[in-house]
file structure_18.cif (mmCIF, C-alpha atoms and all ligand atoms)
data_protein
loop_
_atom_site.group_PDB
_atom_site.id
_atom_site.type_symbol
_atom_site.label_atom_id
_atom_site.label_comp_id
_atom_site.auth_asym_id
_atom_site.auth_seq_id
_atom_site.Cartn_x
_atom_site.Cartn_y
_atom_site.Cartn_z
ATOM 1 C CA MET A 1 -59.118 251.559 161.124
ATOM 2 C CA ASN A 2 -55.802 251.521 163.029
ATOM 3 C CA PHE A 3 -53.512 254.560 163.241
ATOM 4 C CA SER A 4 -51.178 253.531 160.409
ATOM 5 C CA ASP A 5 -54.184 252.988 158.096
ATOM 6 C CA LEU A 6 -55.378 256.454 159.088
ATOM 7 C CA VAL A 7 -51.976 257.981 158.280
ATOM 8 C CA GLU A 8 -52.002 256.244 154.903
ATOM 9 C CA LYS A 9 -55.425 257.705 154.128
ATOM 10 C CA LEU A 10 -54.439 261.177 155.363
ATOM 11 C CA THR A 11 -51.376 260.990 153.104
ATOM 12 C CA ALA A 12 -53.618 260.172 150.151
ATOM 13 C CA VAL A 13 -55.629 263.336 150.931
ATOM 14 C CA VAL A 14 -52.864 265.932 151.414
ATOM 15 C CA GLY A 15 -49.775 264.307 149.899
ATOM 16 C CA GLU A 16 -46.723 262.784 151.576
ATOM 17 C CA GLU A 17 -44.958 266.133 151.933
ATOM 18 C CA PHE A 18 -47.711 267.402 154.227
ATOM 19 C CA VAL A 19 -47.987 264.550 156.726
ATOM 20 C CA HIS A 20 -45.373 264.294 159.464
ATOM 21 C CA THR A 21 -44.923 261.270 161.699
ATOM 22 C CA ALA A 22 -41.177 261.308 162.421
ATOM 23 C CA PRO A 23 -40.568 261.832 166.169
ATOM 24 C CA GLU A 24 -38.213 264.801 165.592
ATOM 25 C CA ALA A 25 -40.853 266.542 163.418
ATOM 26 C CA LEU A 26 -43.654 265.838 165.904
ATOM 27 C CA ARG A 27 -41.631 267.292 168.771
ATOM 28 C CA THR A 28 -41.746 270.755 167.159
ATOM 29 C CA TYR A 29 -45.523 270.762 167.556
ATOM 30 C CA ASP A 30 -45.821 269.335 171.067
ATOM 31 C CA CYS A 31 -47.033 272.571 172.693
ATOM 32 C CA ASP A 32 -48.252 276.071 171.944
ATOM 33 C CA ALA A 33 -47.073 279.182 173.810
ATOM 34 C CA LEU A 34 -48.308 277.610 177.065
ATOM 35 C CA THR A 35 -45.186 275.472 177.248
ATOM 36 C CA ILE A 36 -45.887 273.824 180.602
ATOM 37 C CA TYR A 37 -48.374 271.475 178.920
ATOM 38 C CA LYS A 38 -47.123 269.189 176.177
ATOM 39 C CA GLY A 39 -48.534 266.288 174.186
ATOM 40 C CA THR A 40 -46.875 264.587 171.261
ATOM 41 C CA PRO A 41 -49.319 264.054 168.393
ATOM 42 C CA GLY A 42 -49.332 260.805 166.422
ATOM 43 C CA ALA A 43 -49.325 262.753 163.159
ATOM 44 C CA VAL A 44 -49.273 266.336 161.917
ATOM 45 C CA VAL A 45 -51.264 267.105 158.757
ATOM 46 C CA ILE A 46 -50.973 270.330 156.801
ATOM 47 C CA PRO A 47 -53.994 270.665 154.472
ATOM 48 C CA GLY A 48 -54.335 273.133 151.612
ATOM 49 C CA SER A 49 -58.110 273.496 151.224
ATOM 50 C CA THR A 50 -61.543 273.232 152.835
ATOM 51 C CA GLU A 51 -62.124 269.998 150.911
ATOM 52 C CA GLU A 52 -58.945 268.450 152.327
ATOM 53 C CA ILE A 53 -59.974 269.508 155.856
ATOM 54 C CA ARG A 54 -63.400 267.949 155.281
ATOM 55 C CA GLN A 55 -61.791 264.632 154.349
ATOM 56 C CA ILE A 56 -59.316 264.765 157.266
ATOM 57 C CA ALA A 57 -62.145 265.419 159.754
ATOM 58 C CA ARG A 58 -64.221 262.593 158.313
ATOM 59 C CA LEU A 59 -61.303 260.133 158.485
ATOM 60 C CA CYS A 60 -60.399 261.048 162.096
ATOM 61 C CA HIS A 61 -64.075 260.802 163.031
ATOM 62 C CA GLU A 62 -64.299 257.299 161.530
ATOM 63 C CA ALA A 63 -61.059 256.233 163.225
ATOM 64 C CA LYS A 64 -62.187 257.847 166.524
ATOM 65 C CA VAL A 65 -58.886 259.725 166.731
ATOM 66 C CA PRO A 66 -58.815 263.231 168.306
ATOM 67 C CA LEU A 67 -58.228 266.068 165.849
ATOM 68 C CA ILE A 68 -56.863 269.417 167.079
ATOM 69 C CA ALA A 69 -56.365 272.561 164.975
ATOM 70 C CA ARG A 70 -53.296 274.753 165.173
ATOM 71 C CA GLY A 71 -52.690 278.141 163.564
ATOM 72 C CA ALA A 72 -49.402 279.761 164.582
ATOM 73 C CA GLY A 73 -49.313 278.094 168.015
ATOM 74 C CA THR A 74 -49.107 281.391 169.939
ATOM 75 C CA CYS A 75 -52.066 280.467 172.169
ATOM 76 C CA LEU A 76 -51.417 281.060 175.868
ATOM 77 C CA SER A 77 -54.270 278.850 177.087
ATOM 78 C CA GLY A 78 -53.064 275.526 175.649
ATOM 79 C CA GLY A 79 -55.809 275.334 173.005
ATOM 80 C CA ALA A 80 -53.390 274.011 170.391
ATOM 81 C CA THR A 81 -51.748 271.473 172.720
ATOM 82 C CA PRO A 82 -51.992 268.187 170.775
ATOM 83 C CA ALA A 83 -53.954 265.262 172.166
ATOM 84 C CA PRO A 84 -51.219 262.642 172.698
ATOM 85 C CA GLY A 85 -51.323 260.201 169.804
ATOM 86 C CA GLY A 86 -53.976 262.260 167.996
ATOM 87 C CA VAL A 87 -53.836 264.241 164.763
ATOM 88 C CA LEU A 88 -52.764 267.883 164.737
ATOM 89 C CA LEU A 89 -54.058 269.885 161.778
ATOM 90 C CA VAL A 90 -51.902 272.921 160.998
ATOM 91 C CA THR A 91 -53.341 275.731 158.848
ATOM 92 C CA MET A 92 -50.007 277.260 157.781
ATOM 93 C CA ARG A 93 -50.503 276.444 154.065
ATOM 94 C CA MET A 94 -53.937 278.095 154.033
ATOM 95 C CA ASN A 95 -52.469 281.581 154.233
ATOM 96 C CA ARG A 96 -54.021 283.370 151.271
ATOM 97 C CA ILE A 97 -56.086 286.549 151.258
ATOM 98 C CA LEU A 98 -58.721 285.402 148.779
ATOM 99 C CA GLU A 99 -60.555 288.666 148.133
ATOM 100 C CA ILE A 100 -60.615 292.251 149.357
ATOM 101 C CA ASP A 101 -63.846 294.127 148.712
ATOM 102 C CA TYR A 102 -63.292 297.796 149.556
ATOM 103 C CA GLU A 103 -66.811 298.776 148.477
ATOM 104 C CA ASN A 104 -68.363 296.516 151.103
ATOM 105 C CA LEU A 105 -65.464 296.788 153.568
ATOM 106 C CA ILE A 106 -64.829 293.071 153.835
ATOM 107 C CA ALA A 107 -62.008 290.647 153.118
ATOM 108 C CA ARG A 108 -62.286 286.923 152.529
ATOM 109 C CA VAL A 109 -59.307 285.039 153.960
ATOM 110 C CA GLN A 110 -58.057 281.545 154.615
ATOM 111 C CA PRO A 111 -57.633 280.716 158.327
ATOM 112 C CA GLY A 112 -53.820 280.663 158.244
ATOM 113 C CA VAL A 113 -53.451 284.313 157.156
ATOM 114 C CA ILE A 114 -51.255 286.146 159.667
ATOM 115 C CA ASN A 115 -53.303 288.902 161.354
ATOM 116 C CA LEU A 116 -50.899 291.749 160.525
ATOM 117 C CA HIS A 117 -50.519 290.684 156.889
ATOM 118 C CA LEU A 118 -54.136 291.652 156.197
ATOM 119 C CA SER A 119 -53.726 295.181 157.571
ATOM 120 C CA ASN A 120 -50.368 295.534 155.771
ATOM 121 C CA GLU A 121 -52.250 294.804 152.551
ATOM 122 C CA THR A 122 -55.239 297.097 153.161
ATOM 123 C CA ARG A 123 -53.734 300.023 155.134
ATOM 124 C CA PRO A 124 -52.339 301.805 152.048
ATOM 125 C CA HIS A 125 -55.912 301.765 150.680
ATOM 126 C CA GLY A 126 -57.241 303.471 153.831
ATOM 127 C CA PHE A 127 -58.481 300.440 155.790
ATOM 128 C CA HIS A 128 -57.231 297.968 158.353
ATOM 129 C CA TYR A 129 -58.316 294.866 160.247
ATOM 130 C CA ALA A 130 -59.021 296.203 163.742
ATOM 131 C CA PRO A 131 -58.531 293.256 166.175
ATOM 132 C CA ASP A 132 -54.882 293.548 167.158
ATOM 133 C CA PRO A 133 -53.596 290.996 169.685
ATOM 134 C CA SER A 134 -50.014 291.830 170.686
ATOM 135 C CA SER A 135 -48.965 288.661 168.844
ATOM 136 C CA GLN A 136 -50.421 289.989 165.575
ATOM 137 C CA MET A 137 -47.176 289.684 163.637
ATOM 138 C CA ALA A 138 -47.319 285.901 164.168
ATOM 139 C CA CYS A 139 -50.848 284.712 165.037
ATOM 140 C CA THR A 140 -53.429 283.684 162.436
ATOM 141 C CA ILE A 141 -56.921 285.006 161.795
ATOM 142 C CA GLY A 142 -58.302 281.458 162.269
ATOM 143 C CA GLY A 143 -56.602 281.239 165.673
ATOM 144 C CA ASN A 144 -57.901 284.726 166.555
ATOM 145 C CA ALA A 145 -61.459 283.681 165.698
ATOM 146 C CA ALA A 146 -61.143 280.450 167.690
ATOM 147 C CA GLU A 147 -59.874 282.423 170.704
ATOM 148 C CA ASN A 148 -61.989 285.555 170.136
ATOM 149 C CA SER A 149 -58.758 287.484 170.533
ATOM 150 C CA GLY A 150 -58.486 291.155 171.219
ATOM 151 C CA GLY A 151 -55.850 293.814 171.617
ATOM 152 C CA ALA A 152 -55.388 297.386 172.740
ATOM 153 C CA HIS A 153 -57.649 298.806 169.995
ATOM 154 C CA CYS A 154 -60.519 296.474 170.876
ATOM 155 C CA LEU A 155 -61.627 298.976 173.536
ATOM 156 C CA LYS A 156 -62.934 301.160 170.730
ATOM 157 C CA TYR A 157 -63.449 298.681 167.899
ATOM 158 C CA GLY A 158 -64.555 295.475 169.653
ATOM 159 C CA MET A 159 -63.089 291.974 169.836
ATOM 160 C CA THR A 160 -62.646 289.544 166.931
ATOM 161 C CA THR A 161 -66.288 288.427 167.245
ATOM 162 C CA ASN A 162 -67.391 291.918 166.171
ATOM 163 C CA HIS A 163 -65.370 291.639 162.960
ATOM 164 C CA ILE A 164 -66.396 288.229 161.611
ATOM 165 C CA GLN A 165 -69.008 288.665 158.917
ATOM 166 C CA ALA A 166 -69.129 285.075 157.697
ATOM 167 C CA MET A 167 -67.285 281.819 158.044
ATOM 168 C CA THR A 168 -67.016 278.389 156.501
ATOM 169 C CA VAL A 169 -66.504 275.651 159.059
ATOM 170 C CA VAL A 170 -66.015 271.889 158.966
ATOM 171 C CA LEU A 171 -67.670 269.915 161.761
ATOM 172 C CA SER A 172 -65.962 266.934 163.381
ATOM 173 C CA ASN A 173 -67.864 264.497 161.117
ATOM 174 C CA GLY A 174 -66.726 266.332 157.980
ATOM 175 C CA GLU A 175 -69.943 268.288 157.395
ATOM 176 C CA ILE A 176 -69.391 271.778 155.929
ATOM 177 C CA LEU A 177 -71.397 274.774 157.221
ATOM 178 C CA HIS A 178 -71.513 278.365 155.949
ATOM 179 C CA LEU A 179 -72.381 280.813 158.721
ATOM 180 C CA GLY A 180 -73.289 284.474 158.324
ATOM 181 C CA SER A 181 -73.237 286.120 154.926
ATOM 182 C CA ASP A 182 -70.985 288.397 152.890
ATOM 183 C CA GLY A 183 -73.895 290.829 152.554
ATOM 184 C CA ASP A 184 -76.222 292.094 155.257
ATOM 185 C CA GLU A 185 -77.783 289.897 157.957
ATOM 186 C CA ALA A 186 -78.253 286.297 156.826
ATOM 187 C CA PRO A 187 -81.709 284.790 157.419
ATOM 188 C CA GLY A 188 -82.134 282.269 160.250
ATOM 189 C CA LEU A 189 -80.225 281.855 163.491
ATOM 190 C CA ASP A 190 -76.939 283.723 163.761
ATOM 191 C CA LEU A 191 -74.593 280.946 164.892
ATOM 192 C CA ARG A 192 -71.285 282.747 164.356
ATOM 193 C CA GLY A 193 -70.975 283.688 168.023
ATOM 194 C CA ILE A 194 -71.108 280.057 169.093
ATOM 195 C CA PHE A 195 -68.115 279.190 166.954
ATOM 196 C CA VAL A 196 -66.051 282.336 167.606
ATOM 197 C CA GLY A 197 -64.207 281.747 170.858
ATOM 198 C CA SER A 198 -64.925 278.010 170.934
ATOM 199 C CA GLU A 199 -61.163 277.252 170.801
ATOM 200 C CA GLY A 200 -61.596 274.846 167.923
ATOM 201 C CA THR A 201 -63.857 272.549 169.950
ATOM 202 C CA PHE A 202 -66.952 272.995 167.750
ATOM 203 C CA ALA A 203 -65.484 273.075 164.272
ATOM 204 C CA LEU A 204 -62.490 273.818 162.082
ATOM 205 C CA MET A 205 -62.718 277.234 160.456
ATOM 206 C CA THR A 206 -61.604 276.988 156.862
ATOM 207 C CA GLU A 207 -62.525 280.401 155.455
ATOM 208 C CA LEU A 208 -63.477 283.708 157.096
ATOM 209 C CA THR A 209 -65.011 286.912 155.813
ATOM 210 C CA VAL A 210 -63.836 289.713 158.082
ATOM 211 C CA ARG A 211 -64.796 293.375 158.315
ATOM 212 C CA LEU A 212 -62.387 296.143 157.403
ATOM 213 C CA THR A 213 -62.254 299.384 159.397
ATOM 214 C CA PRO A 214 -61.324 302.812 157.974
ATOM 215 C CA ASN A 215 -57.924 304.054 159.137
ATOM 216 C CA PRO A 216 -58.182 306.904 161.659
ATOM 217 C CA GLU A 217 -57.806 310.399 160.190
ATOM 218 C CA GLY A 218 -55.206 311.230 162.801
ATOM 219 C CA VAL A 219 -53.490 309.705 165.798
ATOM 220 C CA ARG A 220 -52.520 311.531 168.983
ATOM 221 C CA THR A 221 -50.784 309.799 171.875
ATOM 222 C CA MET A 222 -51.025 311.177 175.399
ATOM 223 C CA LEU A 223 -49.111 310.123 178.501
ATOM 224 C CA THR A 224 -50.422 310.992 181.954
ATOM 225 C CA THR A 225 -49.107 310.056 185.382
ATOM 226 C CA PHE A 226 -51.255 309.157 188.379
ATOM 227 C CA ALA A 227 -50.562 308.883 192.079
ATOM 228 C CA SER A 228 -52.456 305.587 192.411
ATOM 229 C CA VAL A 229 -53.861 302.743 190.309
ATOM 230 C CA GLY A 230 -57.339 303.658 191.626
ATOM 231 C CA ASP A 231 -57.021 307.210 190.230
ATOM 232 C CA ALA A 232 -55.848 305.866 186.871
ATOM 233 C CA CYS A 233 -58.774 303.418 186.616
ATOM 234 C CA GLN A 234 -61.278 306.104 187.621
ATOM 235 C CA THR A 235 -59.893 308.335 184.876
ATOM 236 C CA VAL A 236 -60.518 305.602 182.282
ATOM 237 C CA SER A 237 -64.158 305.462 183.385
ATOM 238 C CA ASP A 238 -64.423 309.267 183.383
ATOM 239 C CA VAL A 239 -62.989 309.606 179.879
ATOM 240 C CA ILE A 240 -65.406 307.009 178.488
ATOM 241 C CA ALA A 241 -68.353 308.475 180.438
ATOM 242 C CA ALA A 242 -67.534 311.865 178.874
ATOM 243 C CA GLY A 243 -68.284 310.302 175.495
ATOM 244 C CA ALA A 244 -64.753 310.121 174.095
ATOM 245 C CA VAL A 245 -63.783 306.491 173.533
ATOM 246 C CA PRO A 246 -60.042 306.438 172.815
ATOM 247 C CA ALA A 247 -58.724 303.931 170.281
ATOM 248 C CA ALA A 248 -56.545 302.386 172.990
ATOM 249 C CA MET A 249 -55.633 302.894 176.625
ATOM 250 C CA GLU A 250 -52.774 301.197 178.443
ATOM 251 C CA LEU A 251 -52.010 301.313 182.142
ATOM 252 C CA MET A 252 -48.311 300.934 182.955
ATOM 253 C CA ASP A 253 -46.866 300.702 186.437
ATOM 254 C CA ARG A 254 -43.738 302.535 187.549
ATOM 255 C CA TYR A 255 -41.400 299.561 186.838
ATOM 256 C CA THR A 256 -42.676 299.178 183.280
ATOM 257 C CA VAL A 257 -42.331 302.921 182.585
ATOM 258 C CA GLU A 258 -38.786 302.878 183.963
ATOM 259 C CA ALA A 259 -37.884 299.845 181.837
ATOM 260 C CA ILE A 260 -39.228 301.521 178.675
ATOM 261 C CA GLU A 261 -37.431 304.783 179.461
ATOM 262 C CA LYS A 262 -34.186 302.850 179.945
ATOM 263 C CA VAL A 263 -34.509 301.202 176.516
ATOM 264 C CA MET A 264 -35.499 304.488 174.847
ATOM 265 C CA THR A 265 -32.563 306.355 176.415
ATOM 266 C CA ARG A 266 -30.201 303.603 175.262
ATOM 267 C CA ASP A 267 -31.630 303.695 171.711
ATOM 268 C CA LEU A 268 -31.420 307.497 171.541
ATOM 269 C CA LYS A 269 -27.759 307.321 172.578
ATOM 270 C CA ARG A 270 -27.165 304.818 169.756
ATOM 271 C CA GLY A 271 -28.919 307.161 167.330
ATOM 272 C CA ASN A 272 -31.918 304.862 166.789
ATOM 273 C CA THR A 273 -34.911 307.213 166.777
ATOM 274 C CA SER A 274 -37.456 304.903 165.112
HETATM 275 C C1 LIG B 1 -46.400 287.395 172.930
HETATM 276 C C2 LIG B 1 -47.863 287.052 172.859
HETATM 277 C C3 LIG B 1 -48.786 288.077 172.959
HETATM 278 C C4 LIG B 1 -50.162 287.783 172.919
HETATM 279 N N1 LIG B 1 -51.047 288.814 172.990
HETATM 280 C C5 LIG B 1 -52.374 288.559 172.929
HETATM 281 C C6 LIG B 1 -53.314 289.635 173.002
HETATM 282 O O1 LIG B 1 -52.973 290.806 173.086
HETATM 283 N N2 LIG B 1 -54.633 289.313 172.951
HETATM 284 C C7 LIG B 1 -55.054 288.010 172.824
HETATM 285 O O2 LIG B 1 -56.276 287.782 172.764
HETATM 286 N N3 LIG B 1 -54.182 286.986 172.761
HETATM 287 C C8 LIG B 1 -52.856 287.224 172.799
HETATM 288 N N4 LIG B 1 -51.962 286.184 172.731
HETATM 289 C C9 LIG B 1 -52.460 284.802 172.596
HETATM 290 C C10 LIG B 1 -52.542 284.289 171.129
HETATM 291 O O3 LIG B 1 -51.644 284.991 170.296
HETATM 292 C C11 LIG B 1 -53.955 284.431 170.598
HETATM 293 O O4 LIG B 1 -54.831 283.579 171.304
HETATM 294 C C12 LIG B 1 -54.071 284.100 169.089
HETATM 295 O O5 LIG B 1 -55.382 284.388 168.655
HETATM 296 C C13 LIG B 1 -53.748 282.650 168.757
HETATM 297 O O6 LIG B 1 -53.612 282.552 167.352
HETATM 298 P P1 LIG B 1 -52.770 281.366 166.692
HETATM 299 O O7 LIG B 1 -52.879 281.455 165.224
HETATM 300 O O8 LIG B 1 -51.407 281.328 167.241
HETATM 301 O O9 LIG B 1 -53.613 280.110 167.187
HETATM 302 P P2 LIG B 1 -53.108 278.782 167.898
HETATM 303 O O10 LIG B 1 -52.325 279.089 169.097
HETATM 304 O O11 LIG B 1 -52.452 277.909 166.891
HETATM 305 O O12 LIG B 1 -54.501 278.126 168.288
HETATM 306 C C14 LIG B 1 -55.331 278.783 169.210
HETATM 307 C C15 LIG B 1 -56.657 278.033 169.323
HETATM 308 O O13 LIG B 1 -57.370 278.157 168.111
HETATM 309 C C16 LIG B 1 -57.685 276.884 167.582
HETATM 310 N N5 LIG B 1 -57.595 277.052 166.122
HETATM 311 C C17 LIG B 1 -56.549 277.527 165.400
HETATM 312 N N6 LIG B 1 -56.884 277.588 164.096
HETATM 313 C C18 LIG B 1 -58.157 277.138 164.012
HETATM 314 C C19 LIG B 1 -59.054 276.951 162.936
HETATM 315 N N7 LIG B 1 -58.726 277.232 161.684
HETATM 316 N N8 LIG B 1 -60.293 276.466 163.198
HETATM 317 C C20 LIG B 1 -60.655 276.174 164.472
HETATM 318 N N9 LIG B 1 -59.851 276.326 165.536
HETATM 319 C C21 LIG B 1 -58.617 276.799 165.303
HETATM 320 C C22 LIG B 1 -56.667 275.933 168.178
HETATM 321 O O14 LIG B 1 -57.156 274.611 168.241
HETATM 322 C C23 LIG B 1 -56.505 276.539 169.564
HETATM 323 O O15 LIG B 1 -57.556 276.119 170.409
HETATM 324 C C24 LIG B 1 -50.599 286.437 172.792
HETATM 325 C C25 LIG B 1 -49.642 285.413 172.688
HETATM 326 C C26 LIG B 1 -48.301 285.712 172.733
HETATM 327 C C27 LIG B 1 -47.312 284.581 172.627
#
call {"tool": "encode", "arguments": {"input": "structure_18.cif", "output": "structure tokens", "more": "lines below"}}
Ligand SMILES: Cc1cc2nc3c(=O)[nH]c(=O)nc-3n(C[C@H](O)[C@H](O)[C@H](O)COP(=O)(O)OP(=O)(O)OC[C@H]3O[C@@H](n4cnc5c(N)ncnc54)[C@H](O)[C@@H]3O)c2cc1C
result
Amino acid sequence: MNFSDLVEKLTAVVGEEFVHTAPEALRTYDCDALTIYKGTPGAVVIPGSTEEIRQIARLCHEAKVPLIARGAGTCLSGGATPAPGGVLLVTMRMNRILEIDYENLIARVQPGVINLHLSNETRPHGFHYAPDPSSQMACTIGGNAAENSGGAHCLKYGMTTNHIQAMTVVLSNGEILHLGSDGDEAPGLDLRGIFVGSEGTFALMTELTVRLTPNPEGVRTMLTTFASVGDACQTVSDVIAAGAVPAAMELMDRYTVEAIEKVMTRDLKRGNTS
């Protein structure tokens, strides 16, 4: 199968509207947030379901054309950089929260759900999705799982891998696997950890069941100054060794503190106290 036959078949799977081959459209996908590496894909496909992803994977496999997944493209390690001339599969249409089960503290989501959107939905009910990369207002839960992303609160709550209960994945030949279980431990080998953090190299994640965490009863923020970085790091170890694991700890150097104070002083003068 040559590339134009492949594009024709991909179009039959997802519809004309969701296959891009025009050079100006392809250019918008030629890198992720690691902008020093670029590669123009031969086609961009935007599927709407696991079944469509299965067919896309099978077709690319048959045509021996590289297939790369992309969520929001915020990756800083070039994972979503397209293979030149290959197919880039973008999960932006698969952005639905399929089910929230507060009794079992889980949510079933499509891979293109924006990280923060899930917590925005569940927080008023007393729960949130704990992994919080700083890009959480833009990045997707599928991308987070592929990168095993973490954020400030992962010190206490663990990285993404600790919050994936189950997942549906499509292998490169189009085979569909269900890993983990929505209930307690699934029988057999627990293969989730192999796929989480694999940067899309093992499979395309098409559905994820993630754990929900109760909101904290209260939040207190403390700021302390230290004479040296060594003292600050030792204090982190001491606090944890004392048995109190804070939800988050950030170390800021003098320049960062001064920059923040400058912005805060400016905002206060303008009357912006939020
Ligand atoms: C300002 C900024 C702040 C950031 N802060 C953090 C941070 O605090 N912590 C952190 O860990 N990262 C951080 N990142 C990096 C990035 O946001 C994370 O790696 C994030 O998880 C990527 O999600 P994404 O949806 O953008 O994925 P993409 O960038 O689109 O893709 C990332 C990888 O996942 C693969 N992938 C995407 N979707 C799927 C899927 N459905 N199935 C299989 N593979 C898939 C891609 O092929 C690629 O290898 C930051 C980035 C920016 C720009």
call {"tool": "atom_distance", "arguments": {"input": "structure_18.cif", "atom1": "CA of Ile164 (chain A)", "atom2": "CA of Pro131 (chain A)"}}
result
10.4 Å
call {"tool": "atom_distance", "arguments": {"input": "structure_18.cif", "atom1": "atom C2 of ligand LIG 1 (chain B)", "atom2": "CA of Gly158 (chain A)"}}
result
19.0 Å
call {"tool": "closest_residue", "arguments": {"input": "structure_18.cif", "among": "A:Asp184, A:Glu199, A:Glu51, A:Glu207", "to": "ligand LIG 1 (chain B)", "atoms": "only C-alpha atoms and all ligand atoms"}}
result
A:Glu199
call {"tool": "resolve_selection", "arguments": {"input": "structure_18.cif", "expression": "the PyMOL selection byres (((chain A and resi 173-181) around 7) and not hetatm)", "output": "list in words"}}
result
Arg54, Gln55, Ala57, Arg58, His61, Gln165, Ala166, Met167, Thr168, Val169, Val170, Leu171, Ser172, Asp182, Gly183, Asp184, Glu185, Ala186, Asp190, Leu191 and Arg192 of chain A
call {"tool": "resolve_selection", "arguments": {"input": "structure_18.cif", "expression": "the PyMOL selection byres (((not hetatm)) within 6 of (chain B and resi 1))", "output": "PyMOL selection string"}}
result
chain A and resi 32-33+68-76+79-80+111+133-135+139-140+142-144+146-147+149-151+199-200+203-206
call {"tool": "atom_distance", "arguments": {"input": "structure_18.cif", "atom1": "CA of Cys154 (chain A)", "atom2": "CA of Phe226 (chain A)"}}
result
23.5 Å
call {"tool": "closest_atom_pairs", "arguments": {"input": "structure_18.cif", "of": "region 125-225 of chain A", "to": "region 255-259 of chain A", "cutoff": "12 Å", "atoms": "all atoms listed in the file", "output": "CSV"}}
result
residue,atom,partner,partner_atom,distance
A:Leu223,CA,A:Val257,CA,10.7
A:Thr224,CA,A:Val257,CA,11.4
A:Thr225,CA,A:Val257,CA,10.2
call {"tool": "closest_residue", "arguments": {"input": "structure_18.cif", "among": "A:Leu10, A:Met159, A:Ile100, A:Met94", "to": "Gly112 (chain A)", "atoms": "only C-alpha atoms"}}
result
A:Met94
call {"tool": "residues_around", "arguments": {"input": "structure_18.cif", "residues": "Ile46 (chain A)", "least_positions_apart": "6", "cutoff": "9 Å", "atoms": "all atoms listed in the file", "output": "ChimeraX atom specification"}}
result
/A:14,17-20,88-94
call {"tool": "residues_around", "arguments": {"input": "structure_18.cif", "residues": "Tyr129 (chain A)", "least_positions_apart": "5", "cutoff": "8 Å", "atoms": "only C-alpha atoms", "output": "PyMOL selection string"}}
result
chain A and resi 115+118-119+210-213
call {"tool": "resolve_selection", "arguments": {"input": "structure_18.cif", "expression": "the PyMOL selection byres (((chain A and resi 125) around 12) and not hetatm)", "output": "ChimeraX atom specification"}}
result
/A:100-103,105,118-124,126-128,212-215
call {"tool": "residues_near_point", "arguments": {"input": "structure_18.cif", "point": "(-59.2, 308.6, 177.9)", "cutoff": "8 Å", "atoms": "only C-alpha atoms", "output": "list in words"}}
result
Thr235, Val236, Asp238, Val239, Ile240, Ala244, Val245, Pro246 and Met249 of chain A
call {"tool": "residues_around", "arguments": {"input": "structure_18.cif", "residues": "Val65 (chain A)", "least_positions_apart": "5", "cutoff": "10 Å", "atoms": "only C-alpha atoms", "output": "list in words"}}
result
Met1, Asn2, Phe3, Leu6, Gly42, Ala57, Leu59, Cys60, Ala83, Gly85, Gly86 and Val87 of chain A
call {"tool": "write_last_selection", "arguments": {"input": "structure_18.cif", "atoms": "C-alpha atoms", "output": "PDB file, in the frame of the given file"}}
result
ATOM      1  CA  MET A   1     -59.118 251.559 161.124  1.00  0.00           C
ATOM      2  CA  ASN A   2     -55.802 251.521 163.029  1.00  0.00           C
ATOM      3  CA  PHE A   3     -53.512 254.560 163.241  1.00  0.00           C
ATOM      4  CA  LEU A   6     -55.378 256.454 159.088  1.00  0.00           C
ATOM      5  CA  GLY A  42     -49.332 260.805 166.422  1.00  0.00           C
ATOM      6  CA  ALA A  57     -62.145 265.419 159.754  1.00  0.00           C
ATOM      7  CA  LEU A  59     -61.303 260.133 158.485  1.00  0.00           C
ATOM      8  CA  CYS A  60     -60.399 261.048 162.096  1.00  0.00           C
ATOM      9  CA  ALA A  83     -53.954 265.262 172.166  1.00  0.00           C
ATOM     10  CA  GLY A  85     -51.323 260.201 169.804  1.00  0.00           C
ATOM     11  CA  GLY A  86     -53.976 262.260 167.996  1.00  0.00           C
ATOM     12  CA  VAL A  87     -53.836 264.241 164.763  1.00  0.00           C
TER      13      VAL A  87
END
call {"tool": "residues_near_point", "arguments": {"input": "structure_18.cif", "point": "(-51.8, 266.1, 172.7)", "cutoff": "6 Å", "atoms": "all atoms listed in the file", "output": "PyMOL selection string"}}
result
chain A and resi 39-41+81-84
call {"tool": "closest_residue", "arguments": {"input": "structure_18.cif", "among": "A:Thr50, A:Ser198, A:Gln136, A:Ser77", "to": "Ala152 (chain A)", "atoms": "all atoms listed in the file"}}
result
A:Gln136
call {"tool": "build_atoms", "arguments": {"input": "structure_18.cif", "residues": "region 243-248 of chain A", "atoms": "N, CA and C atoms", "output": "JSON list (two decimals), keeping the file's coordinate frame"}}
result
[["chain", "number", "residue", "atom", "x", "y", "z"],
["A", 243, "GLY", "N", -67.87, 310.50, 176.89],
["A", 243, "GLY", "CA", -68.28, 310.30, 175.50],
["A", 243, "GLY", "C", -67.13, 310.22, 174.51],
["A", 244, "ALA", "N", -65.90, 310.22, 175.01],
["A", 244, "ALA", "CA", -64.75, 310.12, 174.10],
["A", 244, "ALA", "C", -64.11, 308.75, 174.30],
["A", 245, "VAL", "N", -64.40, 307.82, 173.38],
["A", 245, "VAL", "CA", -63.78, 306.49, 173.53],
["A", 245, "VAL", "C", -62.45, 306.49, 172.78],
["A", 246, "PRO", "N", -61.34, 306.43, 173.51],
["A", 246, "PRO", "CA", -60.04, 306.44, 172.82],
["A", 246, "PRO", "C", -59.83, 305.12, 172.07],
["A", 247, "ALA", "N", -58.99, 305.16, 171.04],
["A", 247, "ALA", "CA", -58.72, 303.93, 170.28],
["A", 247, "ALA", "C", -58.08, 302.89, 171.20],
["A", 248, "ALA", "N", -57.22, 303.33, 172.10],
["A", 248, "ALA", "CA", -56.54, 302.39, 172.99],
["A", 248, "ALA", "C", -56.15, 303.09, 174.27]]
